[in-house]
$ cat work.txt   # compact mmCIF, C-alpha atoms and all ligand atoms
# COMPACT_ATOMS: atom_id res chain seq x y z
CA MET A 1 0.00 0.00 0.00
CA ILE A 2 1.21 3.54 -0.78
CA PRO A 3 2.05 5.30 2.54
CA GLY A 4 1.03 8.77 1.39
CA VAL A 5 0.90 11.20 -1.52
CA THR A 6 1.56 14.94 -1.56
CA ILE A 7 0.26 17.09 -4.39
CA GLN A 8 1.63 20.59 -4.89
CA VAL A 9 -1.04 22.51 -6.77
CA PRO A 10 -0.74 26.04 -8.17
CA ALA A 11 -3.21 28.94 -7.96
CA LYS A 12 -4.90 30.25 -11.07
CA ILE A 13 -5.58 33.69 -12.41
CA ASN A 14 -8.04 34.61 -15.13
CA VAL A 15 -6.14 36.67 -17.70
CA GLN A 16 -9.51 37.11 -19.41
CA LEU A 17 -12.89 36.58 -17.76
CA SER A 18 -15.78 37.40 -20.08
CA VAL A 19 -19.12 36.91 -18.43
CA GLY A 20 -22.41 36.47 -20.32
CA GLY A 21 -25.81 37.48 -19.01
CA PRO A 22 -27.42 35.58 -16.12
CA GLU A 23 -28.97 32.22 -17.05
CA PRO A 24 -32.30 31.17 -15.47
CA ALA A 25 -30.50 28.75 -13.09
CA GLY A 26 -28.35 31.63 -11.85
CA PHE A 27 -25.22 30.62 -13.78
CA HIS A 28 -23.38 32.71 -16.35
CA GLU A 29 -21.80 31.56 -19.60
CA LEU A 30 -18.08 32.33 -19.52
CA ALA A 31 -15.17 32.63 -21.87
CA THR A 32 -12.13 32.65 -19.65
CA VAL A 33 -8.40 32.38 -20.15
CA PHE A 34 -6.96 30.50 -17.18
CA LEU A 35 -3.28 30.63 -16.28
CA THR A 36 -1.50 29.01 -13.34
CA VAL A 37 0.80 31.18 -11.23
CA GLY A 38 3.48 30.04 -8.82
CA LEU A 39 1.61 30.24 -5.51
CA TYR A 40 0.84 26.79 -4.15
CA ASP A 41 -1.22 24.71 -1.75
CA GLU A 42 0.23 21.36 -0.72
CA VAL A 43 -2.29 18.61 -0.09
CA THR A 44 -1.12 15.39 1.57
CA VAL A 45 -3.33 12.32 1.71
CA THR A 46 -2.51 9.37 3.97
CA PRO A 47 -4.55 6.31 4.95
CA ALA A 48 -6.65 6.81 8.14
CA ASP A 49 -9.65 5.30 9.92
CA THR A 50 -12.09 7.96 8.66
CA LEU A 51 -12.04 11.07 6.48
CA ARG A 52 -10.27 13.82 8.38
CA ILE A 53 -9.30 17.30 7.17
CA THR A 54 -6.60 19.47 8.74
CA VAL A 55 -5.43 22.84 7.46
CA SER A 56 -2.32 24.92 8.16
CA GLY A 57 -0.89 28.18 6.84
CA PRO A 58 -2.07 31.79 6.59
CA ASP A 59 -5.85 32.22 6.93
CA SER A 60 -6.28 28.50 7.69
CA ASP A 61 -8.88 29.49 10.30
CA LEU A 62 -11.11 30.62 7.38
CA VAL A 63 -11.08 27.17 5.81
CA PRO A 64 -13.72 24.64 6.94
CA THR A 65 -12.51 21.25 8.18
CA ASP A 66 -15.88 19.51 7.91
CA GLY A 67 -17.57 17.85 4.94
CA SER A 68 -18.01 21.23 3.22
CA ASN A 69 -14.27 21.54 2.54
CA LEU A 70 -13.91 21.10 -1.21
CA ALA A 71 -11.09 18.58 -0.68
CA ALA A 72 -13.43 16.53 1.55
CA ARG A 73 -16.17 16.68 -1.08
CA ALA A 74 -13.68 15.60 -3.74
CA THR A 75 -12.45 12.68 -1.62
CA THR A 76 -16.01 11.53 -0.94
CA ALA A 77 -17.03 11.87 -4.60
CA LEU A 78 -14.05 9.80 -5.77
CA ALA A 79 -14.60 7.15 -3.08
CA GLU A 80 -18.25 6.84 -4.15
CA ARG A 81 -17.22 6.48 -7.80
CA LEU A 82 -14.72 3.75 -6.90
CA GLY A 83 -16.94 2.03 -4.33
CA VAL A 84 -14.38 2.39 -1.53
CA ARG A 85 -14.55 4.03 1.92
CA PRO A 86 -13.10 7.58 2.04
CA SER A 87 -10.71 6.59 4.83
CA VAL A 88 -7.98 9.20 4.46
CA ALA A 89 -6.41 12.02 6.40
CA VAL A 90 -6.17 15.05 4.14
CA HIS A 91 -3.78 17.78 5.24
CA ILE A 92 -3.92 21.08 3.35
CA ALA A 93 -0.97 23.47 3.72
CA LYS A 94 -2.43 26.71 2.34
CA GLY A 95 -0.23 29.05 0.35
CA ILE A 96 -3.04 30.25 -1.95
CA PRO A 97 -5.06 33.18 -0.53
CA VAL A 98 -8.46 32.07 0.81
CA ALA A 99 -11.49 33.52 -1.01
CA GLY A 100 -9.05 35.54 -3.11
CA GLY A 101 -10.37 34.69 -6.57
CA MET A 102 -7.42 32.33 -7.13
CA ALA A 103 -9.36 29.03 -6.94
CA GLY A 104 -7.77 27.87 -3.68
CA GLY A 105 -10.60 25.51 -2.77
CA SER A 106 -10.82 24.17 -6.32
CA ALA A 107 -7.05 23.58 -6.33
CA ASP A 108 -7.40 21.54 -3.12
CA ALA A 109 -10.26 19.54 -4.63
CA ALA A 110 -8.15 18.78 -7.70
CA ALA A 111 -5.20 17.81 -5.50
CA ALA A 112 -7.39 15.53 -3.36
CA LEU A 113 -8.71 13.80 -6.50
CA LEU A 114 -5.21 13.25 -7.87
CA GLY A 115 -3.80 12.22 -4.48
CA CYS A 116 -6.59 9.79 -3.56
CA ALA A 117 -6.63 8.27 -7.07
CA ARG A 118 -2.97 7.36 -6.53
CA LEU A 119 -3.38 6.32 -2.90
CA TRP A 120 -6.20 3.96 -3.87
CA GLU A 121 -4.30 2.91 -7.01
CA ALA A 122 -7.40 3.68 -9.06
CA ASP A 123 -7.32 3.05 -12.76
CA LEU A 124 -8.96 6.33 -13.81
CA ALA A 125 -8.23 8.22 -17.01
CA LEU A 126 -7.92 12.01 -16.91
CA PRO A 127 -11.31 12.59 -18.66
CA GLU A 128 -13.03 10.69 -15.83
CA LEU A 129 -11.28 12.80 -13.17
CA LEU A 130 -12.20 15.94 -15.15
CA GLY A 131 -15.87 14.84 -15.07
CA ILE A 132 -15.82 14.30 -11.30
CA GLY A 133 -14.02 17.65 -10.92
CA ALA A 134 -16.61 19.51 -13.02
CA ASP A 135 -19.39 18.24 -10.73
CA LEU A 136 -17.53 19.70 -7.73
CA GLY A 137 -16.94 23.18 -9.18
CA SER A 138 -16.29 24.86 -12.50
CA ASP A 139 -12.64 25.75 -11.70
CA VAL A 140 -11.71 22.20 -10.61
CA PRO A 141 -11.08 20.78 -14.13
CA PHE A 142 -8.54 23.51 -14.89
CA CYS A 143 -6.85 22.94 -11.54
CA LEU A 144 -6.43 19.26 -12.54
CA THR A 145 -4.52 20.20 -15.69
CA GLY A 146 -2.95 23.60 -15.02
CA GLY A 147 -0.85 25.53 -17.56
CA ALA A 148 -2.87 27.87 -19.75
CA ALA A 149 -6.33 27.04 -21.07
CA LEU A 150 -9.46 28.54 -22.53
CA GLY A 151 -12.51 27.66 -20.41
CA LEU A 152 -16.00 27.85 -21.93
CA GLY A 153 -19.41 27.04 -20.50
CA ARG A 154 -18.99 27.64 -16.77
CA GLY A 155 -15.22 27.40 -17.28
CA GLU A 156 -15.16 23.60 -17.25
CA ARG A 157 -14.99 23.03 -21.04
CA LEU A 158 -11.25 23.33 -21.51
CA THR A 159 -8.92 23.75 -24.47
CA ALA A 160 -5.21 23.91 -23.67
CA LEU A 161 -3.50 27.09 -24.87
CA PRO A 162 0.16 27.58 -25.80
CA LEU A 163 2.25 29.71 -23.45
CA GLY A 164 5.34 31.06 -25.18
CA GLY A 165 7.51 31.76 -22.17
CA PRO A 166 7.36 32.60 -18.49
CA LEU A 167 5.32 35.63 -17.46
CA HIS A 168 6.09 37.51 -14.25
CA TRP A 169 3.37 38.68 -11.88
CA VAL A 170 2.92 40.26 -8.48
CA VAL A 171 -0.01 38.96 -6.47
CA ALA A 172 -1.41 41.48 -3.96
CA VAL A 173 -3.59 39.92 -1.29
CA ALA A 174 -6.33 41.98 0.39
CA ALA A 175 -7.60 41.53 3.94
CA GLY A 176 -10.89 39.60 3.93
CA GLY A 177 -12.25 37.63 1.00
CA LEU A 178 -15.05 38.45 -1.43
CA SER A 179 -17.87 35.99 -1.97
CA THR A 180 -17.89 34.84 -5.61
CA PRO A 181 -21.75 34.67 -5.80
CA ALA A 182 -21.98 38.19 -4.31
CA VAL A 183 -19.59 39.52 -6.99
CA TYR A 184 -21.67 37.92 -9.77
CA ARG A 185 -24.84 39.46 -8.26
CA GLU A 186 -23.16 42.87 -8.20
CA CYS A 187 -22.02 42.38 -11.82
CA ASP A 188 -25.63 41.66 -12.85
CA ARG A 189 -26.85 44.68 -10.88
CA LEU A 190 -24.29 47.03 -12.49
CA ARG A 191 -24.76 45.78 -16.06
CA GLY A 192 -28.48 45.04 -16.10
CA ALA A 193 -29.69 41.88 -17.82
CA ALA A 194 -30.22 43.09 -21.39
CA GLY A 195 -27.83 43.46 -24.32
CA ILE A 196 -24.93 41.48 -22.84
CA PRO A 197 -22.86 40.05 -25.70
CA ASP A 198 -21.99 36.34 -25.83
CA PRO A 199 -18.66 35.81 -24.08
CA LEU A 200 -15.79 35.14 -26.49
CA PRO A 201 -12.01 34.80 -26.13
CA PHE A 202 -10.14 37.92 -27.25
CA PRO A 203 -7.59 36.89 -29.95
CA PRO A 204 -4.90 39.50 -29.04
CA VAL A 205 -4.80 38.05 -25.48
CA LEU A 206 -4.30 34.52 -26.84
CA LYS A 207 -1.63 35.74 -29.28
CA ALA A 208 0.35 37.55 -26.55
CA LEU A 209 0.21 34.47 -24.30
CA ALA A 210 1.37 32.20 -27.11
CA ALA A 211 4.31 34.54 -27.65
CA GLY A 212 5.00 34.89 -23.91
CA ASP A 213 5.09 38.64 -24.63
CA ALA A 214 4.23 40.64 -21.48
CA PRO A 215 4.09 44.14 -23.09
CA ALA A 216 1.85 42.76 -25.88
CA LEU A 217 -0.41 41.18 -23.26
CA ALA A 218 -0.72 44.50 -21.41
CA ARG A 219 -1.60 46.22 -24.71
CA ALA A 220 -4.20 43.52 -25.49
CA LEU A 221 -5.86 44.16 -22.12
CA ASP A 222 -5.92 47.92 -22.82
CA GLU A 223 -7.51 47.21 -26.19
CA TYR A 224 -10.14 44.85 -24.69
CA ALA A 225 -11.19 47.46 -22.13
CA SER A 226 -10.71 50.52 -24.43
CA ALA A 227 -8.60 51.81 -21.55
CA PRO A 228 -5.62 54.19 -21.40
CA PRO A 229 -2.17 52.49 -21.58
CA GLY A 230 -1.55 50.28 -18.54
CA GLU A 231 -5.10 50.51 -17.20
CA GLY A 232 -6.67 47.72 -19.23
CA HIS A 233 -8.13 44.48 -18.02
CA ALA A 234 -10.25 41.74 -19.52
CA ASN A 235 -12.18 40.84 -16.39
CA ASP A 236 -15.91 41.57 -16.62
CA LEU A 237 -16.15 41.00 -12.84
CA GLN A 238 -13.62 43.75 -12.06
CA PRO A 239 -16.16 46.64 -11.90
CA ALA A 240 -18.28 44.56 -9.50
CA ALA A 241 -15.31 43.66 -7.27
CA LEU A 242 -14.28 47.35 -7.22
CA SER A 243 -17.82 48.41 -6.41
CA LEU A 244 -17.93 46.03 -3.42
CA ARG A 245 -14.36 46.84 -2.35
CA PRO A 246 -13.51 50.42 -3.54
CA LYS A 247 -10.15 50.30 -1.72
CA LEU A 248 -8.88 48.01 -4.48
CA HIS A 249 -8.63 51.14 -6.68
CA ASP A 250 -5.73 52.21 -4.43
CA THR A 251 -3.97 48.86 -4.77
CA LEU A 252 -4.27 48.98 -8.57
CA ARG A 253 -3.06 52.59 -8.72
CA VAL A 254 -0.02 51.93 -6.53
CA GLY A 255 1.03 48.83 -8.50
CA ARG A 256 0.87 50.72 -11.78
CA THR A 257 2.78 53.69 -10.31
CA LEU A 258 5.50 51.26 -9.22
CA GLY A 259 6.03 50.22 -12.84
CA ALA A 260 3.69 47.28 -13.47
CA LEU A 261 2.72 46.96 -17.14
CA THR A 262 -0.87 46.56 -16.01
CA GLY A 263 -2.82 45.37 -12.98
CA PHE A 264 -6.25 43.88 -12.58
CA VAL A 265 -8.53 42.09 -10.16
CA SER A 266 -8.06 38.32 -10.19
CA GLY A 267 -11.36 36.55 -10.97
CA SER A 268 -13.96 37.61 -8.43
CA GLY A 269 -11.26 39.33 -6.31
CA PRO A 270 -10.24 40.82 -4.00
CA THR A 271 -6.72 39.64 -4.93
CA CYS A 272 -5.13 41.95 -7.52
CA VAL A 273 -2.46 40.76 -9.95
CA PHE A 274 0.14 42.90 -11.70
CA LEU A 275 1.94 41.96 -14.90
CA VAL A 276 5.60 43.04 -14.81
CA PRO A 277 8.38 42.77 -17.40
CA ASP A 278 10.78 40.49 -15.51
CA ALA A 279 11.68 38.88 -12.18
CA ARG A 280 13.62 41.95 -10.98
CA SER A 281 10.64 44.28 -11.51
CA ALA A 282 8.45 41.69 -9.78
CA ALA A 283 10.60 41.88 -6.65
CA LEU A 284 10.54 45.71 -6.69
CA VAL A 285 6.80 46.03 -7.30
CA ALA A 286 6.08 43.39 -4.61
CA GLU A 287 8.25 45.27 -2.11
CA GLY A 288 6.62 48.62 -2.94
CA LEU A 289 3.10 47.26 -2.73
CA SER A 290 3.82 45.49 0.58
CA ALA A 291 5.14 48.78 2.02
CA SER A 292 2.23 50.86 0.65
CA GLY A 293 -0.38 49.62 3.10
CA THR A 294 -2.89 49.12 0.25
CA CYS A 295 -2.77 45.32 0.60
CA THR A 296 -1.90 42.85 3.34
CA SER A 297 0.91 41.21 1.37
CA ALA A 298 2.34 41.17 -2.13
CA THR A 299 4.33 38.30 -3.59
CA ALA A 300 6.21 37.80 -6.86
CA ALA A 301 5.01 34.73 -8.79
CA THR A 302 5.86 33.31 -12.20
CA SER A 303 3.62 31.62 -14.76
CA SER A 304 5.57 28.90 -16.52
CA GLY A 305 2.74 26.64 -17.57
CA GLU A 306 2.94 24.30 -14.61
CA GLY A 307 0.24 22.01 -13.26
CA PRO A 308 -0.14 19.84 -10.17
CA LEU A 309 3.02 18.02 -9.07
CA VAL A 310 2.74 14.60 -7.43
CA ARG A 311 5.20 13.33 -4.79
CA TYR A 312 4.95 9.92 -3.13
CA ALA A 313 5.94 9.50 0.52
CA PRO A 314 8.83 7.05 0.86
CA LYS A 315 7.77 3.58 1.98
CA PRO A 316 8.78 2.96 5.63
CA ALA A 317 12.01 0.92 5.87
P1 LIG B 1 -12.69 30.95 -6.97
O1 LIG B 1 -11.52 31.70 -7.49
O2 LIG B 1 -12.76 29.50 -7.48
O3 LIG B 1 -13.99 31.66 -7.07
P2 LIG B 1 -11.74 31.66 -4.38
O4 LIG B 1 -10.28 31.47 -4.56
O5 LIG B 1 -12.27 33.05 -4.45
O6 LIG B 1 -12.49 30.72 -5.39
P3 LIG B 1 -11.60 29.87 -2.17
O7 LIG B 1 -10.24 30.13 -1.63
O8 LIG B 1 -11.80 28.60 -2.94
O9 LIG B 1 -12.16 31.09 -3.00
O10 LIG B 1 -12.61 29.95 -0.92
C1 LIG B 1 -13.99 30.23 -1.05
C2 LIG B 1 -14.69 29.70 0.20
O11 LIG B 1 -14.70 28.28 0.11
C3 LIG B 1 -13.93 30.01 1.48
O12 LIG B 1 -14.49 31.13 2.09
C4 LIG B 1 -14.08 28.75 2.33
O13 LIG B 1 -15.04 28.92 3.34
C5 LIG B 1 -14.58 27.68 1.38
N1 LIG B 1 -13.67 26.53 1.22
C6 LIG B 1 -14.03 25.25 1.17
N2 LIG B 1 -12.99 24.44 0.99
C7 LIG B 1 -11.90 25.22 0.93
C8 LIG B 1 -10.52 24.96 0.75
N3 LIG B 1 -10.04 23.71 0.63
N4 LIG B 1 -9.67 26.00 0.72
C9 LIG B 1 -10.18 27.27 0.82
N5 LIG B 1 -11.46 27.56 1.03
C10 LIG B 1 -12.33 26.56 1.07
$ encode --input "work.txt" --output "structure tokens"
Amino acid sequence: MIPGVTIQVPAKINVQLSVGGPEPAGFHELATVFLTVGLYDEVTVTPADTLRITVSGPDSDLVPTDGSNLAARATTALAERLGVRPSVAVHIAKGIPVAGGMAGGSADAAAALLGCARLWEADLALPELLGIGADLGSDVPFCLTGGAALGLGRGERLTALPLGGPLHWVVAVAAGGLSTPAVYRECDRLRGAAGIPDPLPFPPVLKALAAGDAPALARALDEYASAPPGEGHANDLQPAALSLRPKLHDTLRVGRTLGALTGFVSGSGPTCVFLVPDARSAALVAEGLSASGTCTSATAATSSGEGPLVRYAPKPA
């Protein structure tokens, strides 16, 4: 029997998040460009008598340890599919901001699926795991694959995208999360329900990603938003996140003043991400933002197309 499996799973940002009008069931059609960035949760699964969740790291007190934890739901769903008991201890070491619009819970669900599938030596192909993941949450399938991808539907219909080279970011974390459903409700309130175009990927964004060209990506975001240079974004939820958390305007302003090529709200926020030309600028912008008092912390992170990484615990001697 395998003694334990640790999965290191990266956070995601949405370089583009185009949101259609509200559907009757309350969902929204999306066209989103997902990209993993180098902030990680580590999820370790080991055999135990019953399903147990423990959490460590910053903001771990905000993460439930009961059956509502997405990693617990993923473990239970996989066990049901395989007809086994979900007898595992799942430890989540959080490095991804909680409720920060970076898919932390979905990343843990993906990691639990990958970890338990190995622990239970399940013969499951990736499409099957993607299906179980999609039932848990629309960001889970992308978290299972990572890299760069176009997500359609609710974000679960994925097409891998080429990423030409590493991109450098600064991730600015705000105190207190934002509820994703509340941000969608605010988006609907601000835009009204009529005349919302079908969400589509924006070709200049895809082209800049394929080239790994940060200045071209910043220009594409300006073009998408018809915004002045360096103020563009392709996140239809950004106005709603800013409306619910006006202080994020200060974070975005400071990051741009420090030399970021552009900055925008990540997904439903309140985390803001800044695109910078290189690793040196990332360190400088992160330091300046941390000192500015407009966010609780700012960290440099690179996108190099990575996905979840699996490590097996050594067998006891
Ligand atoms: P997304 O970007 O997918 O909208 P998010 O990054 O904004 O999600 P999460 O970090 O996934 O948000 O947390 C949203 C809520 O989910 C939290 O407030 C928390 O109560 C709950 N939650 C359940 N399981 C987890 C988990 N494993 N890690 C973090 N939060 C979890």
$ residues_near_ligand --input "work.txt" --ligand "ligand LIG 1 (chain B)" --cutoff "7 Å" --atoms "only C-alpha atoms and all ligand atoms" --output "list of chain:residue names"
A:Leu62, A:Val63, A:Pro64, A:Ser68, A:Asn69, A:Leu70, A:Ala71, A:Pro97, A:Val98, A:Ala99, A:Gly100, A:Gly101, A:Met102, A:Ala103, A:Gly104, A:Gly105, A:Ser106, A:Asp108, A:Ala109, A:Asp139, A:Gly177, A:Leu178, A:Ser179, A:Thr180, A:Gly267, A:Ser268, A:Gly269
$ axis_aligned_box --input "work.txt" --around "stretch 16-32 of chain A" --padding-each-side "5 Å" --output "AutoDock Vina command-line options"
--center_x -20.9 --center_y 33.1 --center_z -16.9 --size_x 32.8 --size_y 18.7 --size_z 20.0
$ atom_distance --input "work.txt" --atom1 "atom CA of A:Gly57" --atom2 "atom CA of A:Asp135"
27.4 Å
$ residues_around --input "work.txt" --residues "A:Leu289" --least-positions-apart "2" --cutoff "7 Å" --atoms "only C-alpha atoms" --output "number ranges by chain"
A: 254-255, 285-287, 291-292, 294, 298
$ closest_residue --input "work.txt" --among "A:Trp120, A:Phe142, A:Phe34, A:Phe27" --to "A:Leu163" --atoms "all atoms listed in the file"
A:Phe34
$ residues_around --input "work.txt" --residues "A:Gly146" --least-positions-apart "3" --cutoff "8 Å" --atoms "all atoms listed in the file" --output "list in words"
Pro10, Lys12, Leu35, Thr36, Phe142, Cys143, Ala149, Gly305, Glu306, Gly307 and Pro308 of chain A
$ write_last_selection --input "work.txt" --atoms "C-alpha atoms" --output "PDB file, keeping the file's coordinate frame"
ATOM      1  CA  PRO A  10      -0.740  26.040  -8.170  1.00  0.00           C
ATOM      2  CA  LYS A  12      -4.900  30.250 -11.070  1.00  0.00           C
ATOM      3  CA  LEU A  35      -3.280  30.630 -16.280  1.00  0.00           C
ATOM      4  CA  THR A  36      -1.500  29.010 -13.340  1.00  0.00           C
ATOM      5  CA  PHE A 142      -8.540  23.510 -14.890  1.00  0.00           C
ATOM      6  CA  CYS A 143      -6.850  22.940 -11.540  1.00  0.00           C
ATOM      7  CA  ALA A 149      -6.330  27.040 -21.070  1.00  0.00           C
ATOM      8  CA  GLY A 305       2.740  26.640 -17.570  1.00  0.00           C
ATOM      9  CA  GLU A 306       2.940  24.300 -14.610  1.00  0.00           C
ATOM     10  CA  GLY A 307       0.240  22.010 -13.260  1.00  0.00           C
ATOM     11  CA  PRO A 308      -0.140  19.840 -10.170  1.00  0.00           C
TER      12      PRO A 308
END
$ atom_distance --input "work.txt" --atom1 "atom CA of A:Arg311" --atom2 "atom CA of A:Thr6"
5.1 Å
$ closest_residue --input "work.txt" --among "A:Val33, A:Ala210, A:Val45, A:Leu126" --to "A:Ile7" --atoms "only C-alpha atoms"
A:Val45
$ closest_residue --input "work.txt" --among "A:Ala77, A:Val183, A:Val310, A:Ala225" --to "A:Ala240" --atoms "only C-alpha atoms"
A:Val183
$ residues_around --input "work.txt" --residues "A:Tyr40" --least-positions-apart "4" --cutoff "8 Å" --atoms "all atoms listed in the file" --output "list of chain:residue names"
A:Gln8, A:Val9, A:Pro10, A:Ala11, A:Lys94, A:Gly95, A:Ile96
$ atom_distance --input "work.txt" --atom1 "atom CA of A:Lys247" --atom2 "atom CA of A:Val265"
11.9 Å
$ residues_around --input "work.txt" --residues "A:His233" --least-positions-apart "6" --cutoff "8 Å" --atoms "all atoms listed in the file" --output "NGL selection string"
:A and (16 or 221-222 or 224-225 or 262-264)
$ residues_near_point --input "work.txt" --point "(-5.9, 17.2, 5.9)" --cutoff "8 Å" --atoms "all atoms listed in the file" --output "PyMOL selection string"
chain A and resi 43-45+52-55+89-92
$ write_last_selection --input "work.txt" --atoms "C-alpha atoms" --output "PDB file, keeping the file's coordinate frame"
ATOM      1  CA  VAL A  43      -2.290  18.610  -0.090  1.00  0.00           C
ATOM      2  CA  THR A  44      -1.120  15.390   1.570  1.00  0.00           C
ATOM      3  CA  VAL A  45      -3.330  12.320   1.710  1.00  0.00           C
ATOM      4  CA  ARG A  52     -10.270  13.820   8.380  1.00  0.00           C
ATOM      5  CA  ILE A  53      -9.300  17.300   7.170  1.00  0.00           C
ATOM      6  CA  THR A  54      -6.600  19.470   8.740  1.00  0.00           C
ATOM      7  CA  VAL A  55      -5.430  22.840   7.460  1.00  0.00           C
ATOM      8  CA  ALA A  89      -6.410  12.020   6.400  1.00  0.00           C
ATOM      9  CA  VAL A  90      -6.170  15.050   4.140  1.00  0.00           C
ATOM     10  CA  HIS A  91      -3.780  17.780   5.240  1.00  0.00           C
ATOM     11  CA  ILE A  92      -3.920  21.080   3.350  1.00  0.00           C
TER      12      ILE A  92
END
$ residues_around --input "work.txt" --residues "A:Asp49" --least-positions-apart "6" --cutoff "10 Å" --atoms "all atoms listed in the file" --output "list in words"
Arg85, Pro86, Ser87, Val88 and Ala89 of chain A
$ write_last_selection --input "work.txt" --atoms "C-alpha atoms" --output "mmCIF file, in the coordinates of the input"
data_model
loop_
_atom_site.group_PDB
_atom_site.id
_atom_site.type_symbol
_atom_site.label_atom_id
_atom_site.label_comp_id
_atom_site.auth_asym_id
_atom_site.auth_seq_id
_atom_site.Cartn_x
_atom_site.Cartn_y
_atom_site.Cartn_z
ATOM 1 C CA ARG A 85 -14.550 4.030 1.920
ATOM 2 C CA PRO A 86 -13.100 7.580 2.040
ATOM 3 C CA SER A 87 -10.710 6.590 4.830
ATOM 4 C CA VAL A 88 -7.980 9.200 4.460
ATOM 5 C CA ALA A 89 -6.410 12.020 6.400
#
$ closest_residue --input "work.txt" --among "A:Ala117, A:Val273, A:Leu152, A:Ile2" --to "A:Arg253" --atoms "all atoms listed in the file"
A:Val273
$ decode --input "work.txt" --residues "stretch 204-222 of chain A" --atoms "N, CA and C atoms" --output "CSV table (one decimal), in the first residue's frame"
chain,number,residue,atom,x,y,z
A,204,PRO,N,-6.2,38.9,-29.4
A,204,PRO,CA,-4.9,39.5,-29.0
A,204,PRO,C,-4.4,39.0,-27.7
A,205,VAL,N,-5.2,38.6,-26.8
A,205,VAL,CA,-4.8,38.1,-25.5
A,205,VAL,C,-4.2,36.7,-25.7
A,206,LEU,N,-4.8,35.9,-26.5
A,206,LEU,CA,-4.3,34.5,-26.8
A,206,LEU,C,-3.0,34.6,-27.6
A,207,LYS,N,-2.9,35.6,-28.5
A,207,LYS,CA,-1.6,35.7,-29.3
A,207,LYS,C,-0.5,36.1,-28.4
A,208,ALA,N,-0.7,37.1,-27.5
A,208,ALA,CA,0.3,37.5,-26.6
A,208,ALA,C,0.8,36.4,-25.6
A,209,LEU,N,-0.2,35.6,-25.2
A,209,LEU,CA,0.2,34.5,-24.3
A,209,LEU,C,1.1,33.5,-25.1
A,210,ALA,N,0.6,33.2,-26.3
A,210,ALA,CA,1.4,32.2,-27.1
A,210,ALA,C,2.8,32.7,-27.4
A,211,ALA,N,3.0,34.0,-27.4
A,211,ALA,CA,4.3,34.5,-27.6
A,211,ALA,C,5.1,34.7,-26.3
A,212,GLY,N,4.4,34.6,-25.2
A,212,GLY,CA,5.0,34.9,-23.9
A,212,GLY,C,5.5,36.3,-23.8
A,213,ASP,N,4.7,37.2,-24.5
A,213,ASP,CA,5.1,38.6,-24.6
A,213,ASP,C,4.3,39.5,-23.7
A,214,ALA,N,4.9,39.9,-22.5
A,214,ALA,CA,4.2,40.6,-21.5
A,214,ALA,C,3.7,42.0,-22.0
A,215,PRO,N,4.6,42.8,-22.6
A,215,PRO,CA,4.1,44.1,-23.1
A,215,PRO,C,2.9,44.0,-24.1
A,216,ALA,N,3.0,43.0,-24.9
A,216,ALA,CA,1.8,42.8,-25.9
A,216,ALA,C,0.6,42.3,-25.1
A,217,LEU,N,0.8,41.6,-24.0
A,217,LEU,CA,-0.4,41.2,-23.3
A,217,LEU,C,-1.0,42.4,-22.6
A,218,ALA,N,-0.2,43.3,-22.0
A,218,ALA,CA,-0.7,44.5,-21.4
A,218,ALA,C,-1.5,45.3,-22.4
A,219,ARG,N,-0.9,45.4,-23.7
A,219,ARG,CA,-1.6,46.2,-24.7
A,219,ARG,C,-2.9,45.6,-25.1
A,220,ALA,N,-2.9,44.2,-25.1
A,220,ALA,CA,-4.2,43.5,-25.5
A,220,ALA,C,-5.3,43.8,-24.4
A,221,LEU,N,-4.9,43.9,-23.2
A,221,LEU,CA,-5.9,44.2,-22.1
A,221,LEU,C,-6.4,45.6,-22.2
A,222,ASP,N,-5.5,46.5,-22.6
A,222,ASP,CA,-5.9,47.9,-22.8
A,222,ASP,C,-6.9,48.0,-23.9
